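Engineer: Got a file for you: entry_21.csv, CSV, C-alpha atoms (C1' of nucleotides).
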```
chain,number,residue,atom,x,y,z
A,1,MET,CA,138.2,104.1,122.7
A,2,GLN,CA,139.5,102.0,119.9
A,3,ILE,CA,137.2,100.0,117.7
A,4,ASN,CA,138.5,97.7,115.0
A,5,LEU,CA,136.3,97.5,111.9
A,6,SER,CA,136.7,95.2,108.9
A,7,GLU,CA,137.3,96.8,105.6
A,8,SER,CA,133.8,96.0,104.4
A,9,GLN,CA,132.4,97.6,107.6
A,10,GLN,CA,134.4,100.7,107.0
A,11,LYS,CA,133.2,100.9,103.4
A,12,HIS,CA,129.6,100.5,104.4
A,13,MET,CA,130.0,103.3,106.9
A,14,HIS,CA,131.3,105.6,104.2
A,15,VAL,CA,128.4,104.6,101.9
A,16,GLU,CA,125.9,105.5,104.7
A,17,GLU,CA,127.6,108.8,105.4
A,18,ALA,CA,127.8,109.7,101.7
A,19,VAL,CA,124.1,109.1,101.4
A,20,GLN,CA,123.5,111.1,104.5
A,21,SER,CA,125.5,113.9,103.1
A,22,LEU,CA,123.5,113.9,99.9
A,23,ARG,CA,120.4,114.2,102.0
A,24,ARG,CA,121.8,117.1,103.9
A,25,ILE,CA,122.6,118.9,100.6
A,26,VAL,CA,119.1,118.3,99.3
A,27,LYS,CA,117.6,119.5,102.6
A,28,ALA,CA,119.8,122.6,102.7
A,29,LEU,CA,118.6,123.4,99.2
A,30,HIS,CA,115.0,123.0,100.3
A,31,ASP,CA,115.4,125.0,103.5
A,32,TYR,CA,117.0,127.8,101.7
A,33,SER,CA,114.1,128.0,99.2
A,34,THR,CA,111.6,128.0,102.0
A,35,ALA,CA,113.4,130.8,103.8
A,36,VAL,CA,113.5,132.8,100.6
A,37,GLU,CA,109.8,132.3,100.1
A,38,GLN,CA,109.1,133.6,103.5
A,39,GLN,CA,111.4,136.6,102.9
A,40,ILE,CA,110.3,137.8,99.5
A,41,GLY,CA,107.1,136.0,98.7
A,42,LEU,CA,108.4,134.1,95.7
A,43,THR,CA,108.7,130.4,95.5
A,44,GLY,CA,112.0,128.8,94.5
A,45,PRO,CA,111.1,128.1,90.9
A,46,GLN,CA,109.6,131.6,90.5
A,47,LEU,CA,112.7,133.3,91.8
A,48,TRP,CA,114.9,131.0,89.7
A,49,ALA,CA,112.9,132.0,86.6
A,50,LEU,CA,113.3,135.7,87.3
A,51,TRP,CA,116.9,135.3,88.0
A,52,GLU,CA,117.6,133.5,84.7
A,53,LEU,CA,115.7,136.3,82.9
A,54,GLY,CA,117.7,138.8,84.8
A,55,ARG,CA,121.1,137.4,83.9
A,56,ALA,CA,120.3,136.1,80.4
A,57,GLY,CA,118.2,138.9,79.1
A,58,PRO,CA,114.9,138.3,77.3
A,59,LEU,CA,114.3,134.6,76.6
A,60,SER,CA,111.8,132.5,74.8
A,61,LEU,CA,109.8,130.1,77.0
A,62,LYS,CA,111.6,127.2,75.6
A,63,ALA,CA,115.0,128.8,76.3
A,64,LEU,CA,114.0,129.5,79.8
A,65,SER,CA,112.8,125.9,80.3
A,66,ALA,CA,116.1,124.7,79.0
A,67,ARG,CA,118.1,126.9,81.4
A,68,MET,CA,115.9,125.6,84.3
A,69,HIS,CA,116.0,122.0,83.2
A,70,LEU,CA,112.2,121.9,83.5
A,71,ASP,CA,109.5,120.9,81.0
A,72,PRO,CA,108.0,123.8,79.1
A,73,SER,CA,104.5,122.9,80.3
A,74,THR,CA,105.8,123.4,83.8
A,75,VAL,CA,107.4,126.7,83.1
A,76,THR,CA,104.2,128.0,81.5
A,77,GLY,CA,102.6,127.8,84.9
A,78,VAL,CA,105.4,129.5,86.7
A,79,VAL,CA,105.5,132.3,84.1
A,80,ASP,CA,101.7,132.7,84.4
A,81,ARG,CA,102.0,133.4,88.1
A,82,LEU,CA,104.9,135.8,87.6
A,83,GLN,CA,103.0,137.6,84.8
A,84,LYS,CA,99.9,137.9,87.0
A,85,ARG,CA,102.0,139.8,89.5
A,86,ASP,CA,103.5,142.0,86.8
A,87,LEU,CA,107.1,140.8,87.4
A,88,LEU,CA,107.5,139.8,83.7
A,89,VAL,CA,105.7,140.3,80.4
A,90,ARG,CA,105.1,138.0,77.4
A,91,ALA,CA,105.6,139.6,74.1
A,92,PRO,CA,105.2,138.0,70.6
A,93,ASP,CA,108.4,137.3,68.7
A,94,LEU,CA,108.1,139.1,65.4
A,95,GLU,CA,110.7,136.8,63.8
A,96,ASP,CA,109.0,133.6,64.7
A,97,ARG,CA,105.4,134.0,65.7
A,98,ARG,CA,105.3,130.7,67.5
A,99,ARG,CA,107.6,132.1,70.1
A,100,VAL,CA,106.9,134.2,73.1
A,101,ILE,CA,109.5,136.6,74.4
A,102,LEU,CA,109.7,136.8,78.2
A,103,SER,CA,111.2,140.0,79.7
A,104,LEU,CA,111.4,141.4,83.2
A,105,THR,CA,109.3,144.3,84.0
A,106,THR,CA,110.7,147.2,86.0
A,107,ALA,CA,109.0,145.8,89.0
A,108,GLY,CA,110.5,142.4,88.3
A,109,ALA,CA,114.0,143.9,88.1
A,110,GLU,CA,113.4,145.7,91.4
A,111,VAL,CA,112.3,142.5,93.2
A,112,LEU,CA,115.3,140.7,91.7
A,113,LYS,CA,117.7,143.4,93.0
A,114,ALA,CA,116.4,143.0,96.5
A,115,ALA,CA,116.3,139.2,96.4
A,116,PRO,CA,118.9,136.7,97.5
A,117,HIS,CA,120.3,134.3,95.0
A,118,PRO,CA,118.2,131.3,94.1
A,119,ALA,CA,119.0,128.0,95.9
A,120,GLN,CA,121.1,126.7,93.0
A,121,SER,CA,123.6,129.4,93.9
A,122,GLN,CA,123.8,128.2,97.4
A,123,LEU,CA,125.4,125.0,96.1
A,124,LEU,CA,127.7,126.9,93.7
A,125,HIS,CA,128.8,129.1,96.5
A,126,ALA,CA,129.7,126.1,98.7
A,127,LEU,CA,131.7,124.5,95.8
A,128,HIS,CA,133.6,127.7,95.1
A,129,ALA,CA,134.5,128.0,98.7
A,130,MET,CA,136.2,124.6,98.7
A,131,PRO,CA,139.9,124.0,97.9
A,132,PRO,CA,140.3,123.3,94.1
A,133,ALA,CA,141.7,119.8,94.8
A,134,GLU,CA,138.7,118.9,96.9
A,135,VAL,CA,136.3,120.0,94.1
A,136,GLU,CA,138.3,118.1,91.5
A,137,GLY,CA,138.1,114.9,93.6
A,138,LEU,CA,134.4,115.4,94.3
A,139,ASN,CA,133.8,115.9,90.7
A,140,ARG,CA,135.5,112.7,89.7
A,141,ALA,CA,133.7,110.7,92.3
A,142,LEU,CA,130.3,112.1,91.5
A,143,LYS,CA,130.8,111.4,87.8
A,144,GLN,CA,131.6,107.8,88.6
A,145,VAL,CA,128.5,107.5,90.7
A,146,ALA,CA,126.4,109.0,88.0
A,147,SER,CA,127.9,106.6,85.4
A,148,LEU,CA,127.3,103.6,87.6
A,149,MET,CA,123.7,104.7,88.1
A,150,GLU,CA,123.1,105.3,84.5
A,151,VAL,CA,124.3,101.8,83.6
A,152,GLU,CA,121.5,100.3,85.6
A,153,ALA,CA,118.8,101.9,83.4
A,154,THR,CA,116.3,99.1,84.0
A,155,PRO,CA,115.1,98.1,87.5
A,156,VAL,CA,116.8,95.1,89.0
A,157,ARG,CA,116.4,93.5,92.3
A,158,PHE,CA,119.3,94.2,94.6
A,159,PHE,CA,120.3,92.3,97.7
A,160,PHE,CA,122.3,93.8,100.5
A,161,ALA,CA,124.1,92.2,103.3
A,162,GLU,CA,122.3,93.2,106.5
A,163,GLU,CA,120.1,96.2,106.4
B,1,MET,CA,145.8,122.3,70.5
B,2,GLN,CA,147.1,123.6,73.8
B,3,ILE,CA,144.9,125.8,75.9
B,4,ASN,CA,146.1,127.4,79.1
B,5,LEU,CA,143.5,127.9,81.8
B,6,SER,CA,144.0,129.9,84.9
B,7,GLU,CA,143.6,128.2,88.2
B,8,SER,CA,140.3,129.9,88.8
B,9,GLN,CA,139.1,128.8,85.3
B,10,GLN,CA,140.0,125.2,86.0
B,11,LYS,CA,138.2,125.4,89.3
B,12,HIS,CA,135.1,126.9,87.8
B,13,MET,CA,135.1,124.0,85.3
B,14,HIS,CA,135.2,121.5,88.1
B,15,VAL,CA,132.4,123.2,89.9
B,16,GLU,CA,130.2,123.2,86.8
B,17,GLU,CA,130.9,119.5,86.3
B,18,ALA,CA,130.1,118.6,89.9
B,19,VAL,CA,126.8,120.4,89.7
B,20,GLN,CA,126.2,118.6,86.4
B,21,SER,CA,127.0,115.3,88.1
B,22,LEU,CA,124.6,116.0,90.9
B,23,ARG,CA,121.9,116.7,88.3
B,24,ARG,CA,122.7,113.4,86.6
B,25,ILE,CA,122.4,111.5,89.9
B,26,VAL,CA,119.0,113.1,90.6
B,27,LYS,CA,117.9,112.3,87.0
B,28,ALA,CA,119.1,108.7,87.3
B,29,LEU,CA,117.0,108.3,90.4
B,30,HIS,CA,114.0,109.8,88.6
B,31,ASP,CA,114.5,107.6,85.5
B,32,TYR,CA,114.7,104.6,87.7
B,33,SER,CA,111.4,105.5,89.3
B,34,THR,CA,109.8,106.0,85.9
B,35,ALA,CA,111.1,102.6,84.7
B,36,VAL,CA,109.6,101.0,87.8
B,37,GLU,CA,106.3,102.8,87.1
B,38,GLN,CA,106.3,101.4,83.5
B,39,GLN,CA,107.1,97.9,84.7
B,40,ILE,CA,104.8,97.5,87.6
B,41,GLY,CA,102.3,100.3,87.3
B,42,LEU,CA,103.2,101.9,90.7
B,43,THR,CA,104.7,105.4,91.2
B,44,GLY,CA,107.8,105.8,93.3
B,45,PRO,CA,106.0,107.0,96.5
B,46,GLN,CA,103.3,104.3,96.0
B,47,LEU,CA,105.9,101.5,95.8
B,48,TRP,CA,107.8,103.1,98.7
B,49,ALA,CA,104.7,103.0,100.9
B,50,LEU,CA,104.0,99.4,100.1
B,51,TRP,CA,107.6,98.5,100.7
B,52,GLU,CA,107.6,100.1,104.2
B,53,LEU,CA,104.3,98.3,105.0
B,54,GLY,CA,105.9,95.1,103.8
B,55,ARG,CA,109.0,95.4,105.9
B,56,ALA,CA,107.5,97.1,109.0
B,57,GLY,CA,104.2,95.3,109.3
B,58,PRO,CA,100.9,97.1,109.8
B,59,LEU,CA,101.4,100.8,110.5
B,60,SER,CA,99.3,103.7,111.4
B,61,LEU,CA,99.1,106.5,108.8
B,62,LYS,CA,101.3,108.7,111.0
B,63,ALA,CA,103.9,106.0,111.5
B,64,LEU,CA,104.0,105.4,107.7
B,65,SER,CA,104.4,109.1,107.1
B,66,ALA,CA,107.3,109.2,109.6
B,67,ARG,CA,109.0,106.4,107.9
B,68,MET,CA,108.7,108.1,104.6
B,69,HIS,CA,109.5,111.5,106.0
B,70,LEU,CA,106.5,113.0,104.3
B,71,ASP,CA,103.6,115.0,105.6
B,72,PRO,CA,100.6,112.9,106.7
B,73,SER,CA,98.3,114.8,104.4
B,74,THR,CA,100.5,113.8,101.5
B,75,VAL,CA,100.5,110.1,102.5
B,76,THR,CA,96.7,110.1,102.8
B,77,GLY,CA,96.5,110.7,99.1
B,78,VAL,CA,99.1,108.0,98.3
B,79,VAL,CA,97.2,105.5,100.5
B,80,ASP,CA,93.9,106.4,98.9
B,81,ARG,CA,95.3,105.4,95.5
B,82,LEU,CA,96.7,102.1,96.8
B,83,GLN,CA,93.5,101.3,98.6
B,84,LYS,CA,91.5,102.0,95.5
B,85,ARG,CA,93.6,99.3,93.8
B,86,ASP,CA,93.1,96.9,96.7
B,87,LEU,CA,96.8,96.7,97.5
B,88,LEU,CA,96.2,97.8,101.1
B,89,VAL,CA,93.4,98.2,103.5
B,90,ARG,CA,92.5,100.7,106.2
B,91,ALA,CA,91.2,99.3,109.4
B,92,PRO,CA,90.1,101.2,112.5
B,93,ASP,CA,92.4,100.9,115.5
B,94,LEU,CA,90.3,99.6,118.4
B,95,GLU,CA,92.9,100.8,121.0
B,96,ASP,CA,92.8,104.4,119.7
B,97,ARG,CA,89.9,105.2,117.5
B,98,ARG,CA,91.7,108.2,116.0
B,99,ARG,CA,94.1,105.9,114.3
B,100,VAL,CA,93.9,104.0,111.1
B,101,ILE,CA,95.8,100.7,110.7
B,102,LEU,CA,97.2,100.2,107.2
B,103,SER,CA,97.9,96.6,106.2
B,104,LEU,CA,98.9,95.0,102.9
B,105,THR,CA,96.3,92.9,101.2
B,106,THR,CA,97.3,89.6,99.7
B,107,ALA,CA,97.4,91.3,96.3
B,108,GLY,CA,99.6,94.0,97.8
B,109,ALA,CA,102.1,91.5,99.1
B,110,GLU,CA,102.1,89.7,95.7
B,111,VAL,CA,102.9,92.9,93.9
B,112,LEU,CA,105.6,93.7,96.4
B,113,LYS,CA,107.2,90.3,95.9
B,114,ALA,CA,107.5,90.9,92.2
B,115,ALA,CA,108.6,94.5,92.5
B,116,PRO,CA,112.2,95.9,92.5
B,117,HIS,CA,113.4,97.9,95.5
B,118,PRO,CA,112.4,101.6,95.6
B,119,ALA,CA,114.7,104.0,93.9
B,120,GLN,CA,117.3,104.6,96.6
B,121,SER,CA,118.7,101.1,96.0
B,122,GLN,CA,120.1,102.4,92.8
B,123,LEU,CA,122.2,104.9,94.6
B,124,LEU,CA,123.4,102.4,97.2
B,125,HIS,CA,124.2,99.9,94.5
B,126,ALA,CA,126.4,102.5,92.7
B,127,LEU,CA,128.2,103.4,95.9
B,128,HIS,CA,128.9,99.8,96.8
B,129,ALA,CA,130.3,99.2,93.4
B,130,MET,CA,133.0,101.9,93.8
B,131,PRO,CA,136.5,101.4,95.3
B,132,PRO,CA,136.5,102.1,99.0
B,133,ALA,CA,139.0,104.9,98.7
B,134,GLU,CA,136.8,106.6,96.2
B,135,VAL,CA,133.8,106.3,98.5
B,136,GLU,CA,135.8,107.7,101.3
B,137,GLY,CA,136.9,110.7,99.3
B,138,LEU,CA,133.5,111.3,98.0
B,139,ASN,CA,132.1,111.1,101.5
B,140,ARG,CA,134.6,113.7,102.8
B,141,ALA,CA,133.9,116.1,100.0
B,142,LEU,CA,130.1,115.8,100.3
B,143,LYS,CA,130.3,116.4,104.0
B,144,GLN,CA,132.2,119.6,103.4
B,145,VAL,CA,129.7,120.7,100.8
B,146,ALA,CA,126.8,120.0,103.2
B,147,SER,CA,128.5,121.9,106.0
B,148,LEU,CA,129.1,124.9,103.8
B,149,MET,CA,125.5,125.0,102.7
B,150,GLU,CA,124.1,124.7,106.2
B,151,VAL,CA,124.3,128.3,107.3
B,152,GLU,CA,122.4,127.4,110.4
B,153,ALA,CA,122.3,124.0,111.9
B,154,THR,CA,119.0,122.2,111.4
B,155,PRO,CA,118.0,118.6,112.0
B,156,VAL,CA,118.5,116.5,109.0
B,157,ARG,CA,115.5,115.3,107.1
B,158,PHE,CA,115.4,112.9,104.2
B,159,PHE,CA,114.6,112.8,100.5
B,160,PHE,CA,114.2,109.1,100.3
B,161,ALA,CA,113.6,105.9,102.3
B,162,GLU,CA,116.0,104.0,104.4
B,163,GLU,CA,116.9,102.8,107.8
C,1,DA,C1',103.5,124.9,45.3
C,2,DT,C1',101.8,122.1,48.4
C,3,DA,C1',101.7,118.4,51.6
C,4,DA,C1',104.2,116.5,55.5
C,5,DA,C1',107.0,116.9,59.3
C,6,DT,C1',108.8,119.8,63.0
C,7,DT,C1',108.7,123.2,66.4
C,8,DA,C1',106.8,126.4,70.2
C,9,DA,C1',103.6,127.2,73.5
C,10,DT,C1',99.6,125.9,75.8
C,11,DT,C1',96.0,122.9,77.8
C,12,DT,C1',94.5,118.9,80.2
C,13,DG,C1',95.0,115.3,83.5
C,14,DC,C1',97.3,113.1,87.1
C,15,DA,C1',100.4,112.6,91.1
C,16,DT,C1',103.2,114.5,94.4
C,17,DG,C1',104.1,117.8,98.3
C,18,DC,C1',103.1,121.2,102.1
C,19,DA,C1',100.3,124.4,105.2
C,20,DA,C1',96.3,125.3,107.5
C,21,DA,C1',92.1,124.1,109.1
C,22,DA,C1',88.3,120.9,110.3
C,23,DA,C1',86.5,116.8,112.8
C,24,DG,C1',86.8,113.3,116.0
C,25,DT,C1',89.4,111.1,120.0
C,26,DT,C1',92.3,110.8,123.8
C,27,DT,C1',94.9,112.8,127.5
C,28,DG,C1',96.0,115.9,131.1
C,29,DT,C1',94.5,118.9,134.6
C,30,DA,C1',91.9,121.7,137.5
D,1,DT,C1',84.1,115.1,136.6
D,2,DA,C1',84.5,118.8,133.4
D,3,DC,C1',87.2,121.0,130.3
D,4,DA,C1',91.2,122.4,127.9
D,5,DA,C1',95.1,120.8,125.4
D,6,DA,C1',97.1,117.6,122.3
D,7,DC,C1',96.9,114.1,118.9
D,8,DT,C1',95.4,111.5,114.3
D,9,DT,C1',93.5,111.7,110.2
D,10,DT,C1',91.2,114.0,106.5
D,11,DT,C1',90.0,118.0,103.6
D,12,DT,C1',91.0,122.1,101.1
D,13,DG,C1',93.9,125.1,98.5
D,14,DC,C1',98.0,126.1,96.2
D,15,DA,C1',102.4,125.2,93.6
D,16,DT,C1',105.3,122.2,91.4
D,17,DG,C1',106.3,118.6,87.9
D,18,DC,C1',105.6,115.5,83.8
D,19,DA,C1',103.2,113.2,79.8
D,20,DA,C1',100.2,113.5,76.2
D,21,DA,C1',97.3,116.0,73.2
D,22,DT,C1',96.2,120.5,70.9
D,23,DT,C1',96.9,124.7,68.3
D,24,DA,C1',99.4,127.7,65.5
D,25,DA,C1',103.5,128.7,62.9
D,26,DT,C1',107.5,127.3,60.4
D,27,DT,C1',110.5,124.3,57.9
D,28,DT,C1',111.3,120.4,55.0
D,29,DA,C1',110.4,117.3,51.4
D,30,DT,C1',108.1,116.0,47.4
```
What's the structure tokens form of this structure?
Structural biologist:
Amino acid sequence: MQINLSESQQKHMHVEEAVQSLRRIVKALHDYSTAVEQQIGLTGPQLWALWELGRAGPLSLKALSARMHLDPSTVTGVVDRLQKRDLLVRAPDLEDRRRVILSLTTAGAEVLKAAPHPAQSQLLHALHAMPPAEVEGLNRALKQVASLMEVEATPVRFFFAEE
Amino acid sequence: MQINLSESQQKHMHVEEAVQSLRRIVKALHDYSTAVEQQIGLTGPQLWALWELGRAGPLSLKALSARMHLDPSTVTGVVDRLQKRDLLVRAPDLEDRRRVILSLTTAGAEVLKAAPHPAQSQLLHALHAMPPAEVEGLNRALKQVASLMEVEATPVRFFFAEE
DNA sequence: ATAAATTAATTTGCATGCAAAAAGTTTGTA
DNA sequence: TACAAACTTTTTGCATGCAAATTAATTTAT
């Protein structure tokens, strides 16, 4: 079967598919987190925090927040729950007493050893599995999308052909 | 200054940048929602719910939940807040008394008329602004990433409105 | 040397988001 | 018809997530 599409129709199709693919990626990330939670009893953010501590050694709360790209007040809660389960400890920083030093406990390190990678790694894995040229092209296109979206910082009304 | 990078180092760089770009896209979506919230005093999900009601007429809570791809228990809360501000009303369905019929109030329709589209328009706008070849390449790469991430095939869900 | 500004972590308040269970309604079946 | 099963909404409980305010400690400026 041969169907002829106008150039704008083809483009619209690609846009729809690209949006669909982004949804699939987000869903895959979410599903992976849910599966991990079922498996080891830690939520996505909790495992992620442990994982960052495991790879980057003891960290202050702020440093951990920065690595997770989350607000410190959010990470405080995540750390509370991990501490309650003795997977990490808070210790005062003698250099700067405002700071708290977060370290894995032995139990935390054990859990981490048995745990799968956090969901972020799922994405990294996929990207590393792709041909370099593909990754480079994807990178260029994503950067452009991000730039175009950042230009429109303030809400504007958009109008679309059919929809 | 000339620095030689191995092929794997170059690839790793592209991977990092691609992940960074995805983060920027997610952040741009969030920033847009925040800007809308500042402008019209409605959160992203609240505007989204109003918008679906505006375009798809009166809906039951379940039907609205389905359109938003959110759990009914979540939408109950969103609807509560909109009802408290008289932007929509709950009415019993005489056909099936389990159901609740959600309708925009005049005030709700007014707010909607003055409001920008919900956040996903930002992304669509950016994609439509790109050269067709770029979109096609992006599409192909994203599909591959999604496939690689989907260890087991599962039905696609959504992270924002559409249709 | 001391006041002012900054910084780190926490607390509080609000809004998602889901799962599980409760309550009322309708449908299917024996 | 009676009763079980399924459906619709709400409630409850928990875990993010951010913004704004607080507290304590440190740095900067006067």
Engineer: Could you please determine the separation between atom CA of Leu61 of chain B and atom CA of Thr76 of chain B in Å, to one decimal place?
Structural biologist: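 Pair atom CA of Leu61 of chain B / atom CA of Thr76 of chain B returns 7.4 Å.
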Engineer: One number please: atom CA of Ala109 of chain A to atom CA of Val75 of chain A, in Å, one decimal.
Structural biologist: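 Here the two named atoms are 19.1 Å from each other.
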Engineer: Would you list which chain D residues are within 9 Å of chain B using only C-alpha atoms (C1' of nucleotides), as a PyMOL selection string?
Structural biologist: chain D and resi 7-11
Engineer: List as a VMD selection string the protein and nucleic acid residues near segment 37-43 of chain B, meaning an atom at most 12 Å away when all atoms listed in the file are counted, but skip any in the same chain fewer than 6 places from it.
Structural biologist: (chain A and resid 154 to 156) or (chain B and resid 30 to 31 49 to 51 78 to 79 81 to 82 85 87 108 110 to 119) or (chain C and resid 14 to 16)
Engineer: Using C-alpha atoms (C1' of nucleotides), can you export the residues from the last selection as a short mmCIF file (atom, residue, chain, number, x, y, z; two decimals), in the frame of the given file?
Structural biologist:
```cif
data_model
loop_
_atom_site.label_atom_id
_atom_site.label_comp_id
_atom_site.auth_asym_id
_atom_site.auth_seq_id
_atom_site.Cartn_x
_atom_site.Cartn_y
_atom_site.Cartn_z
CA THR A 154 116.30 99.10 84.00
CA PRO A 155 115.10 98.10 87.50
CA VAL A 156 116.80 95.10 89.00
CA HIS B 30 114.00 109.80 88.60
CA ASP B 31 114.50 107.60 85.50
CA ALA B 49 104.70 103.00 100.90
CA LEU B 50 104.00 99.40 100.10
CA TRP B 51 107.60 98.50 100.70
CA VAL B 78 99.10 108.00 98.30
CA VAL B 79 97.20 105.50 100.50
CA ARG B 81 95.30 105.40 95.50
CA LEU B 82 96.70 102.10 96.80
CA ARG B 85 93.60 99.30 93.80
CA LEU B 87 96.80 96.70 97.50
CA GLY B 108 99.60 94.00 97.80
CA GLU B 110 102.10 89.70 95.70
CA VAL B 111 102.90 92.90 93.90
CA LEU B 112 105.60 93.70 96.40
CA LYS B 113 107.20 90.30 95.90
CA ALA B 114 107.50 90.90 92.20
CA ALA B 115 108.60 94.50 92.50
CA PRO B 116 112.20 95.90 92.50
CA HIS B 117 113.40 97.90 95.50
CA PRO B 118 112.40 101.60 95.60
CA ALA B 119 114.70 104.00 93.90
"C1'" DC C 14 97.30 113.10 87.10
"C1'" DA C 15 100.40 112.60 91.10
"C1'" DT C 16 103.20 114.50 94.40
#
```
Engineer: For chain A, work out the contacting residues on chain C at 10 Å, counting only C-alpha atoms (C1' of nucleotides), and write them as a PyMOL selection string.
Structural biologist: chain C and resi 7-11
Engineer: Mind pulling up the distance from atom CA of Thr105 of chain B to atom CA of Val89 of chain B?
Structural biologist: 6.5 Å
Engineer: Segment 5-18 of chain C from the block above, N, CA, C and O atoms (P, O5', C5', C4', C3', O3' and C1' of nucleotides), as a short mmCIF file (atom, residue, chain, number, x, y, z; two decimals), in the first residue's frame, please?
Structural biologist:
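File written: out-v4.cif
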```
data_model
loop_
_atom_site.label_atom_id
_atom_site.label_comp_id
_atom_site.auth_asym_id
_atom_site.auth_seq_id
_atom_site.Cartn_x
_atom_site.Cartn_y
_atom_site.Cartn_z
P DA C 5 22.86 43.58 55.29
"O5'" DA C 5 23.53 42.32 54.57
"C5'" DA C 5 24.80 42.48 53.95
"C4'" DA C 5 25.38 41.14 53.57
"C3'" DA C 5 24.40 40.22 52.81
"O3'" DA C 5 25.06 39.71 51.66
"C1'" DA C 5 25.32 39.07 54.67
P DT C 6 24.26 38.81 50.58
"O5'" DT C 6 24.89 37.37 50.83
"C5'" DT C 6 25.97 37.25 51.72
"C4'" DT C 6 26.51 35.83 51.77
"C3'" DT C 6 25.74 34.77 51.02
"O3'" DT C 6 26.69 33.85 50.47
"C1'" DT C 6 25.75 34.25 53.35
P DT C 7 26.21 32.62 49.52
"O5'" DT C 7 26.20 31.41 50.57
"C5'" DT C 7 27.39 31.11 51.29
"C4'" DT C 7 27.12 29.99 52.27
"C3'" DT C 7 26.31 28.83 51.69
"O3'" DT C 7 27.04 27.63 51.89
"C1'" DT C 7 25.42 29.51 53.78
P DA C 8 26.47 26.22 51.38
"O5'" DA C 8 25.86 25.59 52.70
"C5'" DA C 8 26.73 25.21 53.76
"C4'" DA C 8 25.99 24.33 54.76
"C3'" DA C 8 25.16 23.21 54.13
"O3'" DA C 8 25.33 22.03 54.91
"C1'" DA C 8 23.73 24.66 55.36
P DA C 9 24.70 20.64 54.38
"O5'" DA C 9 23.35 20.59 55.21
"C5'" DA C 9 23.43 20.45 56.63
"C4'" DA C 9 22.10 20.75 57.27
"C3'" DA C 9 20.95 19.82 56.88
"O3'" DA C 9 20.69 18.97 57.97
"C1'" DA C 9 20.27 22.12 57.01
P DT C 10 19.50 17.91 57.93
"O5'" DT C 10 18.25 18.76 58.44
"C5'" DT C 10 18.35 19.45 59.68
"C4'" DT C 10 17.14 20.34 59.89
"C3'" DT C 10 15.80 19.63 59.82
"O3'" DT C 10 15.20 19.72 61.11
"C1'" DT C 10 15.76 21.71 58.67
P DT C 11 13.85 18.91 61.38
"O5'" DT C 11 12.74 20.04 61.12
"C5'" DT C 11 12.83 21.29 61.81
"C4'" DT C 11 11.70 22.20 61.39
"C3'" DT C 11 10.33 21.52 61.29
"O3'" DT C 11 9.39 22.30 62.01
"C1'" DT C 11 10.82 22.70 59.29
P DT C 12 7.90 21.77 62.24
"O5'" DT C 12 7.09 22.58 61.11
"C5'" DT C 12 7.26 23.99 61.02
"C4'" DT C 12 6.47 24.54 59.85
"C3'" DT C 12 5.11 23.88 59.62
"O3'" DT C 12 4.14 24.91 59.45
"C1'" DT C 12 6.35 23.88 57.61
P DG C 13 2.58 24.56 59.43
"O5'" DG C 13 2.21 24.76 57.89
"C5'" DG C 13 2.61 25.95 57.21
"C4'" DG C 13 2.27 25.82 55.75
"C3'" DG C 13 0.99 25.04 55.46
"O3'" DG C 13 0.25 25.71 54.45
"C1'" DG C 13 2.77 24.10 54.27
P DC C 14 -1.27 25.29 54.15
"O5'" DC C 14 -1.16 24.80 52.63
"C5'" DC C 14 -0.57 25.67 51.66
"C4'" DC C 14 -0.12 24.86 50.47
"C3'" DC C 14 -1.20 23.95 49.88
"O3'" DC C 14 -1.51 24.41 48.58
"C1'" DC C 14 0.93 22.87 50.01
P DA C 15 -2.78 23.80 47.80
"O5'" DA C 15 -2.10 22.82 46.75
"C5'" DA C 15 -1.09 23.32 45.89
"C4'" DA C 15 -0.49 22.17 45.10
"C3'" DA C 15 -1.52 21.18 44.57
"O3'" DA C 15 -1.24 20.92 43.20
"C1'" DA C 15 0.17 20.05 45.77
P DT C 16 -2.28 20.22 42.27
"O5'" DT C 16 -2.27 18.76 42.80
"C5'" DT C 16 -1.86 17.63 42.26
"C4'" DT C 16 -0.42 17.48 41.88
"C3'" DT C 16 -0.22 16.16 41.17
"O3'" DT C 16 0.84 16.24 40.24
"C1'" DT C 16 0.87 16.11 43.28
P DG C 17 0.83 15.13 39.05
"O5'" DG C 17 0.66 13.77 39.86
"C5'" DG C 17 1.45 12.67 39.55
"C4'" DG C 17 1.33 11.55 40.57
"C3'" DG C 17 0.09 10.67 40.45
"O3'" DG C 17 0.36 9.63 39.52
"C1'" DG C 17 0.91 10.91 42.71
P DC C 18 -0.72 8.48 39.29
"O5'" DC C 18 -0.40 7.41 40.43
"C5'" DC C 18 0.90 6.82 40.52
"C4'" DC C 18 0.93 5.89 41.71
"C3'" DC C 18 -0.16 4.83 41.67
"O3'" DC C 18 0.43 3.54 41.79
"C1'" DC C 18 -0.19 5.98 43.76
#
```
